[in-house]
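Listing of protein_32.tsv, TSV, C-alpha atoms
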```tsv
chain	number	residue	atom	x	y	z
K	1	MET	CA	12.46	-37.83	29.93
K	2	PHE	CA	8.92	-39.09	30.38
K	3	PRO	CA	7.15	-40.32	27.21
K	4	CYS	CA	3.72	-39.14	26.13
K	5	GLY	CA	2.31	-42.65	26.44
K	6	SER	CA	2.98	-46.33	26.22
K	7	LEU	CA	2.27	-46.58	22.50
K	8	LEU	CA	4.92	-48.08	20.26
K	9	ILE	CA	7.12	-45.57	18.45
K	10	CYS	CA	8.01	-46.16	14.85
K	11	ARG	CA	11.73	-45.44	14.61
K	12	SER	CA	12.87	-47.60	11.71
K	13	ILE	CA	15.22	-46.01	9.18
K	14	GLN	CA	12.80	-46.83	6.39
K	15	ALA	CA	9.89	-45.11	8.14
K	16	TRP	CA	11.86	-41.93	8.85
K	17	SER	CA	13.22	-41.83	5.29
K	18	TRP	CA	9.66	-42.07	4.01
K	19	ILE	CA	8.45	-39.29	6.32
K	20	ILE	CA	11.29	-36.97	5.29
K	21	SER	CA	10.64	-37.57	1.59
K	22	VAL	CA	6.93	-36.79	2.00
K	23	SER	CA	7.73	-33.56	3.86
K	24	ASN	CA	9.51	-32.11	0.84
K	25	SER	CA	6.90	-32.78	-1.84
K	26	HIS	CA	3.41	-31.84	-3.04
K	27	ILE	CA	3.56	-28.17	-2.08
K	28	ARG	CA	0.76	-26.28	-3.83
K	29	PRO	CA	1.37	-22.71	-5.00
K	30	CYS	CA	-1.32	-21.38	-2.64
K	31	HIS	CA	0.77	-22.54	0.31
K	32	ASN	CA	4.21	-21.48	-0.86
K	33	ASN	CA	4.52	-19.22	2.20
K	34	ALA	CA	3.64	-22.01	4.63
K	35	GLN	CA	6.43	-24.21	5.90
K	36	ARG	CA	6.27	-28.01	5.74
K	37	PRO	CA	5.39	-30.34	7.33
K	38	PHE	CA	1.59	-30.09	7.29
K	39	ILE	CA	-0.29	-31.91	10.07
K	40	LEU	CA	-4.00	-32.76	10.21
K	41	GLY	CA	-5.55	-32.73	13.68
K	42	ILE	CA	-8.82	-34.47	14.61
K	43	GLU	CA	-10.59	-33.75	17.91
K	44	THR	CA	-13.67	-35.61	19.25
K	45	SER	CA	-12.93	-35.96	22.97
K	46	CYS	CA	-16.22	-34.50	24.18
K	47	ASP	CA	-19.09	-32.86	22.29
K	48	ASP	CA	-17.45	-30.96	19.42
K	49	SER	CA	-16.27	-32.51	16.15
K	50	ALA	CA	-13.28	-30.49	14.98
K	51	SER	CA	-10.31	-30.71	12.67
K	52	ALA	CA	-7.58	-28.44	11.34
K	53	ILE	CA	-4.42	-28.47	9.26
K	54	VAL	CA	-1.42	-26.46	10.45
K	55	SER	CA	2.06	-25.80	9.09
K	56	SER	CA	5.28	-25.86	11.07
K	57	ASP	CA	5.41	-22.05	11.18
K	58	GLY	CA	2.06	-21.93	12.96
K	59	GLN	CA	-0.27	-21.10	10.09
K	60	ILE	CA	-3.77	-22.54	10.19
K	61	LEU	CA	-4.19	-23.71	6.60
K	62	GLY	CA	-7.75	-24.90	7.12
K	63	GLU	CA	-10.10	-25.68	9.97
K	64	TYR	CA	-13.70	-26.67	10.60
K	65	ILE	CA	-15.78	-27.42	13.66
K	66	HIS	CA	-19.27	-28.73	14.30
K	67	SER	CA	-20.48	-27.65	17.73
K	68	GLN	CA	-23.09	-29.58	19.67
K	69	GLN	CA	-23.47	-26.92	22.38
K	70	ILE	CA	-26.97	-25.74	21.49
K	71	SER	CA	-28.21	-29.33	21.21
K	72	HIS	CA	-26.82	-30.31	24.61
K	73	LEU	CA	-28.17	-27.17	26.31
K	74	ARG	CA	-31.63	-28.64	25.80
K	75	PHE	CA	-30.61	-31.70	27.83
K	76	GLY	CA	-28.91	-29.68	30.59
K	77	GLY	CA	-25.61	-31.45	29.92
K	78	ILE	CA	-23.73	-33.79	27.62
K	79	ILE	CA	-25.22	-37.26	27.12
K	80	PRO	CA	-22.39	-39.51	25.80
K	81	PRO	CA	-24.45	-41.66	23.37
K	82	VAL	CA	-26.03	-38.54	21.90
K	83	ALA	CA	-22.60	-36.92	21.52
K	84	GLN	CA	-21.30	-40.04	19.76
K	85	ASP	CA	-24.22	-39.98	17.31
K	86	PHE	CA	-23.44	-36.36	16.42
K	87	HIS	CA	-19.74	-37.22	15.90
K	88	ARG	CA	-20.60	-40.14	13.63
K	89	LYS	CA	-22.96	-37.98	11.61
K	90	HIS	CA	-20.56	-35.07	11.12
K	91	ILE	CA	-16.94	-36.29	11.34
K	92	GLU	CA	-16.52	-37.02	7.63
K	93	ASN	CA	-17.91	-33.63	6.61
K	94	VAL	CA	-15.82	-31.81	9.24
K	95	VAL	CA	-12.58	-33.31	7.91
K	96	SER	CA	-13.62	-32.87	4.27
K	97	GLN	CA	-14.42	-29.20	4.85
K	98	THR	CA	-11.04	-28.76	6.53
K	99	PHE	CA	-9.24	-30.07	3.44
K	100	LYS	CA	-11.46	-27.92	1.23
K	101	ASN	CA	-10.68	-24.79	3.26
K	102	ALA	CA	-6.97	-25.61	3.14
K	103	ASN	CA	-7.09	-26.39	-0.60
K	104	LEU	CA	-5.19	-29.58	0.15
K	105	SER	CA	-5.80	-33.29	-0.19
K	106	CYS	CA	-5.03	-35.98	2.35
K	107	ASN	CA	-2.10	-37.10	0.19
K	108	GLU	CA	-0.45	-33.71	0.80
K	109	ILE	CA	-0.30	-33.83	4.59
K	110	ASP	CA	2.57	-35.47	6.45
K	111	ALA	CA	0.82	-37.03	9.45
K	112	ILE	CA	-2.53	-37.28	11.22
K	113	ALA	CA	-2.81	-36.28	14.87
K	114	VAL	CA	-5.88	-37.46	16.77
K	115	THR	CA	-7.07	-37.16	20.36
K	116	ASN	CA	-7.10	-40.58	22.02
K	117	ARG	CA	-7.03	-39.55	25.72
K	118	PRO	CA	-8.61	-38.43	28.04
K	119	GLY	CA	-12.26	-37.91	27.17
K	120	LEU	CA	-15.62	-39.55	26.68
K	121	PRO	CA	-14.85	-43.07	25.36
K	122	LEU	CA	-17.77	-43.08	22.92
K	123	SER	CA	-16.67	-39.73	21.49
K	124	LEU	CA	-12.96	-40.57	21.34
K	125	LEU	CA	-13.75	-43.77	19.48
K	126	VAL	CA	-15.27	-41.91	16.52
K	127	GLY	CA	-12.25	-39.66	15.99
K	128	VAL	CA	-9.67	-42.42	16.40
K	129	ARG	CA	-11.49	-44.77	14.02
K	130	TYR	CA	-11.79	-42.08	11.37
K	131	ALA	CA	-8.11	-41.15	11.77
K	132	LYS	CA	-7.16	-44.82	11.30
K	133	PHE	CA	-9.33	-45.01	8.20
K	134	LEU	CA	-7.61	-41.99	6.64
K	135	ALA	CA	-4.14	-43.16	7.71
K	136	ARG	CA	-4.58	-46.60	6.17
K	137	LYS	CA	-6.14	-45.23	2.98
K	138	HIS	CA	-3.40	-42.65	2.40
K	139	ASN	CA	-0.46	-44.40	4.09
K	140	LYS	CA	0.12	-41.71	6.74
K	141	PRO	CA	1.57	-42.03	10.26
K	142	ILE	CA	-0.73	-41.33	13.22
K	143	ILE	CA	0.23	-39.23	16.24
K	144	PRO	CA	-1.95	-40.04	19.29
K	145	ILE	CA	-2.58	-36.87	21.32
K	146	HIS	CA	-3.29	-36.23	25.00
K	147	HIS	CA	-6.13	-33.70	25.01
K	148	MET	CA	-4.89	-31.66	27.98
K	149	GLN	CA	-1.29	-31.63	26.77
K	150	ALA	CA	-2.61	-30.15	23.53
K	151	HIS	CA	-4.31	-27.36	25.49
K	152	ALA	CA	-1.04	-26.72	27.33
K	153	LEU	CA	0.94	-26.37	24.09
K	154	MET	CA	-1.61	-24.34	22.13
K	155	ALA	CA	-0.28	-20.91	23.17
K	156	ARG	CA	3.14	-21.76	21.70
K	157	MET	CA	1.70	-21.69	18.19
K	158	THR	CA	0.99	-17.95	18.33
K	159	SER	CA	3.28	-16.69	21.11
K	160	ASP	CA	7.00	-16.93	21.77
K	161	ILE	CA	6.98	-19.23	24.79
K	162	PRO	CA	10.23	-21.11	25.46
K	163	TYR	CA	10.41	-24.25	27.57
K	164	PRO	CA	10.06	-24.67	30.50
K	165	TYR	CA	6.91	-22.87	31.61
K	166	LEU	CA	4.09	-23.26	34.11
K	167	CYS	CA	0.59	-23.95	32.87
K	168	ILE	CA	-2.86	-23.89	34.44
K	169	LEU	CA	-5.40	-25.97	32.51
K	170	LEU	CA	-9.00	-25.06	33.31
K	171	SER	CA	-12.01	-26.60	31.60
K	172	GLY	CA	-15.37	-28.20	32.21
K	173	GLY	CA	-13.71	-31.48	33.14
K	174	HIS	CA	-10.24	-30.58	34.39
K	175	ALA	CA	-8.23	-28.29	36.63
K	176	LEU	CA	-4.50	-29.00	36.41
K	177	LEU	CA	-1.24	-27.28	37.29
K	178	THR	CA	1.68	-28.57	35.28
K	179	LEU	CA	5.27	-27.71	34.44
K	180	VAL	CA	5.85	-28.13	30.70
K	181	LYS	CA	9.43	-29.07	29.77
K	182	SER	CA	8.81	-30.18	26.17
K	183	ALA	CA	6.05	-31.46	23.90
K	184	CYS	CA	6.34	-34.85	25.62
K	185	GLU	CA	7.60	-33.93	29.10
K	186	PHE	CA	5.07	-32.73	31.67
K	187	TYR	CA	5.20	-32.62	35.46
K	188	LEU	CA	1.89	-32.66	37.33
K	189	LEU	CA	1.93	-30.28	40.33
K	190	GLY	CA	-1.76	-30.26	41.19
K	191	GLN	CA	-5.21	-31.29	40.01
K	192	THR	CA	-8.80	-31.03	41.14
K	193	LEU	CA	-9.95	-33.36	43.92
K	194	ASP	CA	-13.58	-33.13	42.84
K	195	ASP	CA	-15.37	-30.75	40.47
K	196	ALA	CA	-13.65	-28.85	37.67
K	197	PRO	CA	-14.10	-25.06	37.48
K	198	GLY	CA	-16.16	-25.14	34.29
K	199	GLU	CA	-18.47	-27.72	35.82
K	200	ALA	CA	-18.85	-25.65	39.01
K	201	LEU	CA	-19.64	-22.49	37.04
K	202	ASP	CA	-22.16	-24.25	34.79
K	203	LYS	CA	-24.01	-25.85	37.70
K	204	ILE	CA	-24.38	-22.58	39.60
K	205	ALA	CA	-25.59	-20.82	36.46
K	206	ARG	CA	-28.19	-23.57	36.14
K	207	ARG	CA	-29.13	-23.27	39.84
K	208	LEU	CA	-29.52	-19.50	39.44
K	209	LYS	CA	-31.84	-20.22	36.47
K	210	LEU	CA	-29.95	-17.72	34.32
K	211	ARG	CA	-31.27	-19.41	31.19
K	212	ASN	CA	-34.69	-18.00	32.08
K	213	LEU	CA	-33.31	-14.57	31.17
K	214	PRO	CA	-33.06	-13.75	27.42
K	215	ARG	CA	-29.55	-12.36	27.80
K	216	TYR	CA	-28.19	-15.74	28.88
K	217	ASN	CA	-30.42	-18.40	27.31
K	218	CYS	CA	-28.14	-19.24	24.37
K	219	ILE	CA	-24.72	-19.21	26.02
K	220	SER	CA	-22.92	-21.63	28.31
K	221	GLY	CA	-23.29	-21.41	32.08
K	222	GLY	CA	-19.71	-20.25	32.57
K	223	ALA	CA	-20.10	-17.48	30.02
K	224	ALA	CA	-23.39	-16.43	31.66
K	225	ILE	CA	-21.71	-16.21	35.08
K	226	GLU	CA	-18.93	-14.05	33.62
K	227	LEU	CA	-21.34	-11.74	31.81
K	228	ALA	CA	-23.52	-11.32	34.90
K	229	ALA	CA	-20.51	-10.82	37.19
K	230	ALA	CA	-19.24	-7.98	35.00
K	231	ARG	CA	-22.42	-6.06	35.89
K	232	GLY	CA	-22.17	-6.81	39.61
K	233	GLN	CA	-20.04	-5.87	42.61
K	234	VAL	CA	-17.96	-7.95	45.04
K	235	SER	CA	-19.20	-7.39	48.58
K	236	ALA	CA	-19.47	-9.03	51.97
K	237	LYS	CA	-23.09	-9.98	51.37
K	238	TYR	CA	-22.15	-13.31	49.78
K	239	PRO	CA	-19.12	-14.72	51.60
K	240	PHE	CA	-17.26	-17.73	50.22
K	241	PRO	CA	-14.51	-19.71	51.94
K	242	LEU	CA	-11.07	-20.12	50.38
K	243	PRO	CA	-10.97	-23.86	49.56
K	244	LEU	CA	-8.13	-26.04	50.89
K	245	SER	CA	-6.46	-23.05	52.53
K	246	GLN	CA	-5.13	-25.30	55.31
K	247	TYR	CA	-3.42	-27.66	52.83
K	248	ARG	CA	-0.03	-26.58	51.53
K	249	ASP	CA	-0.21	-28.15	48.10
K	250	CYS	CA	-1.37	-27.22	44.61
K	251	GLN	CA	-4.56	-29.28	44.56
K	252	PHE	CA	-7.89	-27.73	43.58
K	253	SER	CA	-11.38	-28.21	44.97
K	254	PHE	CA	-14.45	-26.47	43.56
K	255	ALA	CA	-17.14	-28.65	45.13
K	256	GLY	CA	-17.10	-26.66	48.38
K	257	LEU	CA	-17.61	-23.37	46.55
K	258	LYS	CA	-20.40	-24.90	44.48
K	259	ASN	CA	-22.14	-26.27	47.60
K	260	ALA	CA	-21.75	-22.98	49.48
K	261	ALA	CA	-23.24	-21.12	46.51
K	262	THR	CA	-26.14	-23.56	46.28
K	263	ARG	CA	-26.95	-23.06	49.98
K	264	GLN	CA	-26.80	-19.28	49.69
K	265	ILE	CA	-29.10	-19.28	46.66
K	266	ALA	CA	-31.62	-21.49	48.46
K	267	LEU	CA	-31.60	-19.27	51.56
K	268	GLU	CA	-32.03	-16.11	49.50
K	269	GLU	CA	-34.89	-17.62	47.49
K	270	GLN	CA	-36.60	-18.73	50.68
K	271	PHE	CA	-36.13	-15.33	52.32
K	272	LEU	CA	-37.56	-13.51	49.28
K	273	ASP	CA	-40.28	-16.14	48.74
K	274	LEU	CA	-39.49	-16.36	45.03
K	275	ALA	CA	-41.55	-18.29	42.50
K	276	PRO	CA	-40.00	-21.59	41.28
K	277	ASP	CA	-38.87	-20.11	37.95
K	278	ALA	CA	-37.83	-16.70	39.31
K	279	VAL	CA	-34.23	-15.49	39.28
K	280	LEU	CA	-32.60	-13.79	42.27
K	281	PRO	CA	-32.99	-10.00	41.90
K	282	ASP	CA	-29.39	-9.65	43.09
K	283	TYR	CA	-28.01	-12.36	40.78
K	284	GLU	CA	-25.35	-10.09	39.22
K	285	ASN	CA	-23.73	-9.31	42.57
K	286	PHE	CA	-23.98	-12.97	43.53
K	287	CYS	CA	-22.15	-13.98	40.33
K	288	ALA	CA	-19.45	-11.38	40.96
K	289	ASN	CA	-18.76	-12.79	44.42
K	290	TYR	CA	-18.84	-16.41	43.25
K	291	LEU	CA	-16.51	-15.76	40.33
K	292	ASN	CA	-14.18	-13.82	42.60
K	293	ALA	CA	-14.00	-16.81	44.97
K	294	VAL	CA	-13.16	-19.18	42.11
K	295	THR	CA	-10.42	-16.79	40.93
K	296	ARG	CA	-8.90	-16.45	44.41
K	297	HIS	CA	-8.69	-20.22	44.77
K	298	ILE	CA	-6.98	-20.67	41.40
K	299	SER	CA	-4.59	-17.82	42.14
K	300	GLN	CA	-3.52	-19.18	45.52
K	301	ARG	CA	-2.73	-22.65	44.16
K	302	ALA	CA	-0.86	-21.15	41.19
K	303	LYS	CA	1.22	-18.94	43.48
K	304	ARG	CA	2.36	-22.00	45.45
K	305	ALA	CA	3.33	-23.68	42.18
K	306	MET	CA	5.45	-20.66	41.27
K	307	LEU	CA	7.23	-20.78	44.62
K	308	PHE	CA	7.79	-24.54	44.25
K	309	VAL	CA	9.36	-24.44	40.78
K	310	GLU	CA	11.66	-21.63	41.90
K	311	LYS	CA	12.74	-23.42	45.08
K	312	GLU	CA	13.39	-26.62	43.12
K	313	SER	CA	15.22	-24.74	40.33
K	314	LEU	CA	12.82	-26.22	37.79
K	315	ILE	CA	12.65	-22.77	36.28
K	316	HIS	CA	16.07	-21.15	36.53
K	317	PRO	CA	16.56	-17.47	37.35
K	318	LYS	CA	17.82	-16.79	33.81
K	319	ASP	CA	14.71	-18.38	32.29
K	320	GLN	CA	11.79	-16.26	31.18
K	321	LYS	CA	9.08	-16.92	33.78
K	322	ILE	CA	5.82	-17.61	31.97
K	323	LEU	CA	2.45	-18.86	33.18
K	324	VAL	CA	0.16	-20.16	30.43
K	325	ILE	CA	-3.56	-20.30	31.20
K	326	SER	CA	-5.44	-22.54	28.79
K	327	GLY	CA	-8.59	-24.61	28.40
K	328	GLY	CA	-12.17	-23.45	27.92
K	329	VAL	CA	-12.33	-21.57	31.24
K	330	ALA	CA	-9.24	-19.54	30.22
K	331	ARG	CA	-11.63	-17.52	28.02
K	332	ASN	CA	-13.02	-16.01	31.22
K	333	ASP	CA	-11.47	-12.55	31.45
K	334	ALA	CA	-12.19	-12.17	35.17
K	335	ILE	CA	-10.25	-15.34	35.97
K	336	PHE	CA	-7.43	-14.59	33.53
K	337	ASN	CA	-7.01	-11.00	34.73
K	338	GLY	CA	-7.20	-11.98	38.39
K	339	VAL	CA	-4.57	-14.70	38.07
K	340	SER	CA	-2.43	-12.38	35.92
K	341	GLU	CA	-2.49	-9.74	38.64
K	342	MET	CA	-1.20	-12.28	41.15
K	343	ALA	CA	1.40	-13.64	38.71
K	344	SER	CA	2.83	-10.17	38.08
K	345	THR	CA	3.74	-9.91	41.78
K	346	MET	CA	5.81	-13.08	41.28
K	347	SER	CA	7.46	-11.71	38.09
K	348	PHE	CA	5.57	-14.20	35.92
K	349	LYS	CA	4.14	-13.17	32.57
K	350	THR	CA	0.74	-14.69	31.79
K	351	VAL	CA	-0.20	-15.85	28.32
K	352	ARG	CA	-3.28	-17.59	26.96
K	353	PRO	CA	-4.16	-18.83	23.49
K	354	GLU	CA	-6.45	-16.73	21.35
K	355	LYS	CA	-9.93	-17.05	22.81
K	356	ASN	CA	-11.28	-19.10	19.92
K	357	LEU	CA	-8.42	-21.56	20.51
K	358	CYS	CA	-9.09	-21.96	24.25
K	359	ASN	CA	-12.13	-24.17	23.66
K	360	ASP	CA	-11.70	-27.67	22.27
K	361	ASN	CA	-10.59	-27.39	18.65
K	362	GLY	CA	-8.76	-29.26	15.93
K	363	THR	CA	-5.95	-26.69	15.70
K	364	MET	CA	-4.57	-27.55	19.14
K	365	ILE	CA	-4.48	-31.25	18.22
K	366	ALA	CA	-2.73	-30.48	14.93
K	367	TRP	CA	-0.21	-28.21	16.67
K	368	ASN	CA	0.54	-30.79	19.37
K	369	GLY	CA	1.02	-33.24	16.52
K	370	MET	CA	3.38	-30.78	14.84
K	371	GLU	CA	5.54	-30.36	17.94
K	372	THR	CA	5.65	-34.12	18.40
K	373	PHE	CA	6.41	-34.66	14.71
K	374	LEU	CA	9.30	-32.21	14.83
K	375	GLU	CA	10.67	-33.94	17.93
K	376	GLN	CA	10.23	-37.24	16.01
K	377	ARG	CA	8.47	-39.01	18.87
K	378	ASN	CA	5.37	-41.10	19.28
K	379	LEU	CA	4.66	-41.54	15.59
K	380	THR	CA	3.19	-44.88	14.64
K	381	VAL	CA	2.14	-46.64	11.48
K	382	SER	CA	1.05	-49.67	13.52
K	383	TYR	CA	-2.51	-48.46	13.89
K	384	ASP	CA	-3.64	-51.37	16.04
K	385	ASN	CA	-1.46	-50.01	18.87
K	386	ILE	CA	-3.62	-46.89	19.20
K	387	ASP	CA	-6.32	-47.26	21.83
K	388	ILE	CA	-8.57	-44.79	23.66
K	389	PHE	CA	-8.40	-43.90	27.36
K	390	SER	CA	-11.10	-42.08	29.29
K	391	LYS	CA	-8.53	-41.08	31.91
K	392	ALA	CA	-4.83	-40.38	31.48
K	393	SER	CA	-2.27	-38.61	33.66
K	394	ILE	CA	-0.80	-35.55	32.02
K	395	GLY	CA	2.75	-36.45	33.06
K	396	PHE	CA	5.09	-37.35	35.91
K	397	ASP	CA	3.30	-36.91	39.24
K	398	MET	CA	5.00	-34.44	41.62
K	399	ILE	CA	1.96	-33.72	43.80
K	400	GLU	CA	3.40	-35.37	46.91
K	401	LYS	CA	6.73	-33.62	46.44
K	402	VAL	CA	4.94	-30.26	46.36
K	403	LYS	CA	3.02	-31.21	49.49
K	404	ASN	CA	6.18	-32.27	51.33
K	405	LYS	CA	7.79	-28.88	50.69
K	406	ASN	CA	5.11	-27.34	52.94
K	407	ILE	CA	5.23	-23.98	51.16
K	408	SER	CA	3.23	-21.19	52.78
K	409	THR	CA	1.42	-18.57	50.69
K	410	LYS	CA	-0.34	-15.41	51.74
```
What would you get if you wrote out this structure as C-alpha cells?
Amino acid sequence: MFPCGSLLICRSIQAWSWIISVSNSHIRPCHNNAQRPFILGIETSCDDSASAIVSSDGQILGEYIHSQQISHLRFGGIIPPVAQDFHRKHIENVVSQTFKNANLSCNEIDAIAVTNRPGLPLSLLVGVRYAKFLARKHNKPIIPIHHMQAHALMARMTSDIPYPYLCILLSGGHALLTLVKSACEFYLLGQTLDDAPGEALDKIARRLKLRNLPRYNCISGGAAIELAAARGQVSAKYPFPLPLSQYRDCQFSFAGLKNAATRQIALEEQFLDLAPDAVLPDYENFCANYLNAVTRHISQRAKRAMLFVEKESLIHPKDQKILVISGGVARNDAIFNGVSEMASTMSFKTVRPEKNLCNDNGTMIAWNGMETFLEQRNLTVSYDNIDIFSKASIGFDMIEKVKNKNISTK
C-alpha cells in the first residue's frame, strides 16, 4: 500500500471518536435524504477558485466556482501572480456561496479537503491557508488532496466503477496513465515527457489565430480546435507523425506534434501569402488532422497500458475492465470517442465524469476527500504539517517496468 503523501496521519482514539460523533449530528431537514458524512472541498491549484460540499452517497449539496478564464485569455495564458490575486479576492465569497447553496454551516460538515499538490504554488497557497483558517476556527480535520488523483476518482461519484481500473488524465498541464487501486493507491504507468495535450492544443489554436474569428474568440484554444475539427475532414494533406512510436512504453510526447503543426501552418501561410492577422482558409481541415493525430497518440499509449496490466495480472480476468478518461481535455468528444473506439477492441469500457466535472472544480476535491475520509486515511488536525508542492508524483512509479516488458502494439 502506497500512501497519498508524507503528511502525518491523525489516528488517535480520541480523534476518531470525535470524528464519528460529528458524523452523526447536525443533520438539517433539507438534507435528510443525503448520507453523512459531509465534506467541503476547496480547489485553487491553477486559475479557478472553486468549492463544493458532497455527501457520502455522491450528492452535491452545494457548489460554487469563480472562473478566471476570460481574464487570462486577454494575457494569452495564466500569469501566476495575477491568478493568486484573483484567488485572494474571491476565495471567501466562493466558500460562503457554497455553504449558502448547501444551506449548511461550517459547523455541520465533517472535514475540509483542500488541494495542496501539484499546481501553481501561489495559487495553492491561497486555498490551503483559507482551509487552515476554517479548520482552526471550526475545529475540523483537514484532508490534503493530490489534484490529479482527485481527477482520477471523480467518475466514481456518479458511475459504478470498482477498483482497480485504468485511468488517463489529460489536462493543460498533465498527461498521465495510471492504475487506480484505491483512493490512496496509484501506480504510474506513463506521463508526458514535454508538453501536455491541453497546452499543445491551446498553442496551436493561438498559432492558427482562431481567436480572430467570432465563433472562437470567447472559448479556450482546445475547445476551438475541437469545434473547428468537427467541421473539417481528415486527409493526407496535413500529415502528422505518430510520436514515440519506436519506444515501447506508455510515455507521452506532444511537443513534436505541436512543432510539426507550427511548421505546416507557417509553410501554408507563406504559400498563400496571407496577411499577418489572417486565418488559414483551410483551418477546419487542419484542426481535424491535428486533433486526429493527438487522439492516435493517446490511444496507442493507452492500448499498451491495457496490455501491460493484463500481462501483469494487475486487472484480473474476472474484474470489470474499465478505462476512465478524466481532466479538462476529457471534455473533448473527438478524443474521448477515438480512445473509446480503441478501448472497445480490448474489451475495456470507457467512462468519463460529467463534462462540467472534467474541468478543475471543488466537487472532485470534496469527493476525493470523501473517499479518503471513509478509508480513514490522511486526516490531520495538525495543520502545520500541511504544505504545498508544485510537483508531486501521482503514485508508485512503474514506468521502467512497463518499458522493460517491451510490449508491441499495432
Q: Please write as a PyMOL selection string the list of polymer residues whose atoms come within 12 Å of (-22.2, -3.3, 37.1), counting all atoms listed in the file and keeping to the coordinates of the file.
A: chain K and resi 226-234+282-288
Q. Neighbours of segment 353-368 of chain K within 7 Å (all atoms listed in the file; same-chain residues fewer than 2 positions away dropped), as a PyMOL selection string?
A. chain K and resi 39-43+50-54+113-115+145+150-151+153-155+157+326-328+330-331+351+370-372
Q: May I have the protein, DNA and RNA residues with any atom at most 9 Å from the point (-21.1, -17.6, 53.5), counting all atoms listed in the file, written as JSON, numbers by chain?
A: {"K": [236, 237, 238, 239, 240, 241, 260, 261, 263, 264]}
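Comparing the minimum interatomic distances between Asp194 of chain K and each of K:Ile219, K:Lys181, K:Lys258, K:Lys140, counting only C-alpha atoms, we find that K:Lys258 sits nearest.
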(Q) Counting only C-alpha atoms, which residue out of K:Ile78, K:His90, K:Arg136, K:Asn332 sits closest to Cys106 of chain K? (A) K:Arg136
Q. Asn337 of chain K: which residues within 10 Å, counting all atoms listed in the file, same-chain residues fewer than 6 positions away excluded, as a list in words?
A. Thr295, Ala330, Ala343 and Thr350 of chain K
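Between Asn212 of chain K and the candidates K:Leu280, K:Ile79, K:Leu242, K:Leu307, the tightest atom-to-atom separation, counting all atoms listed in the file, involves K:Leu280.
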Q | Test item: residues at most 10 Å from segment 195-208 of chain K, all atoms listed in the file, excluding those fewer than 5 positions along its chain, as a PyMOL selection string | A | chain K and resi 76-77+170-176+216+220-226+228+252-259+261-262+265-266+269+277-280+283+286-287+290-291+294-295+298+327-330
Q | Nearest candidate to Lys403 of chain K (options K:Asn289, K:Ser55, K:Ser390, K:Gln251; using only C-alpha atoms) | A |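 Answer, going by the shortest atom-to-atom distance: K:Gln251.
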(Q) Under the rule that all atoms listed in the file are counted, which of K:Gln191, K:Ser182, K:Gln320, K:Asn139 is the nearest residue to Leu169 of chain K? (A) K:Gln191
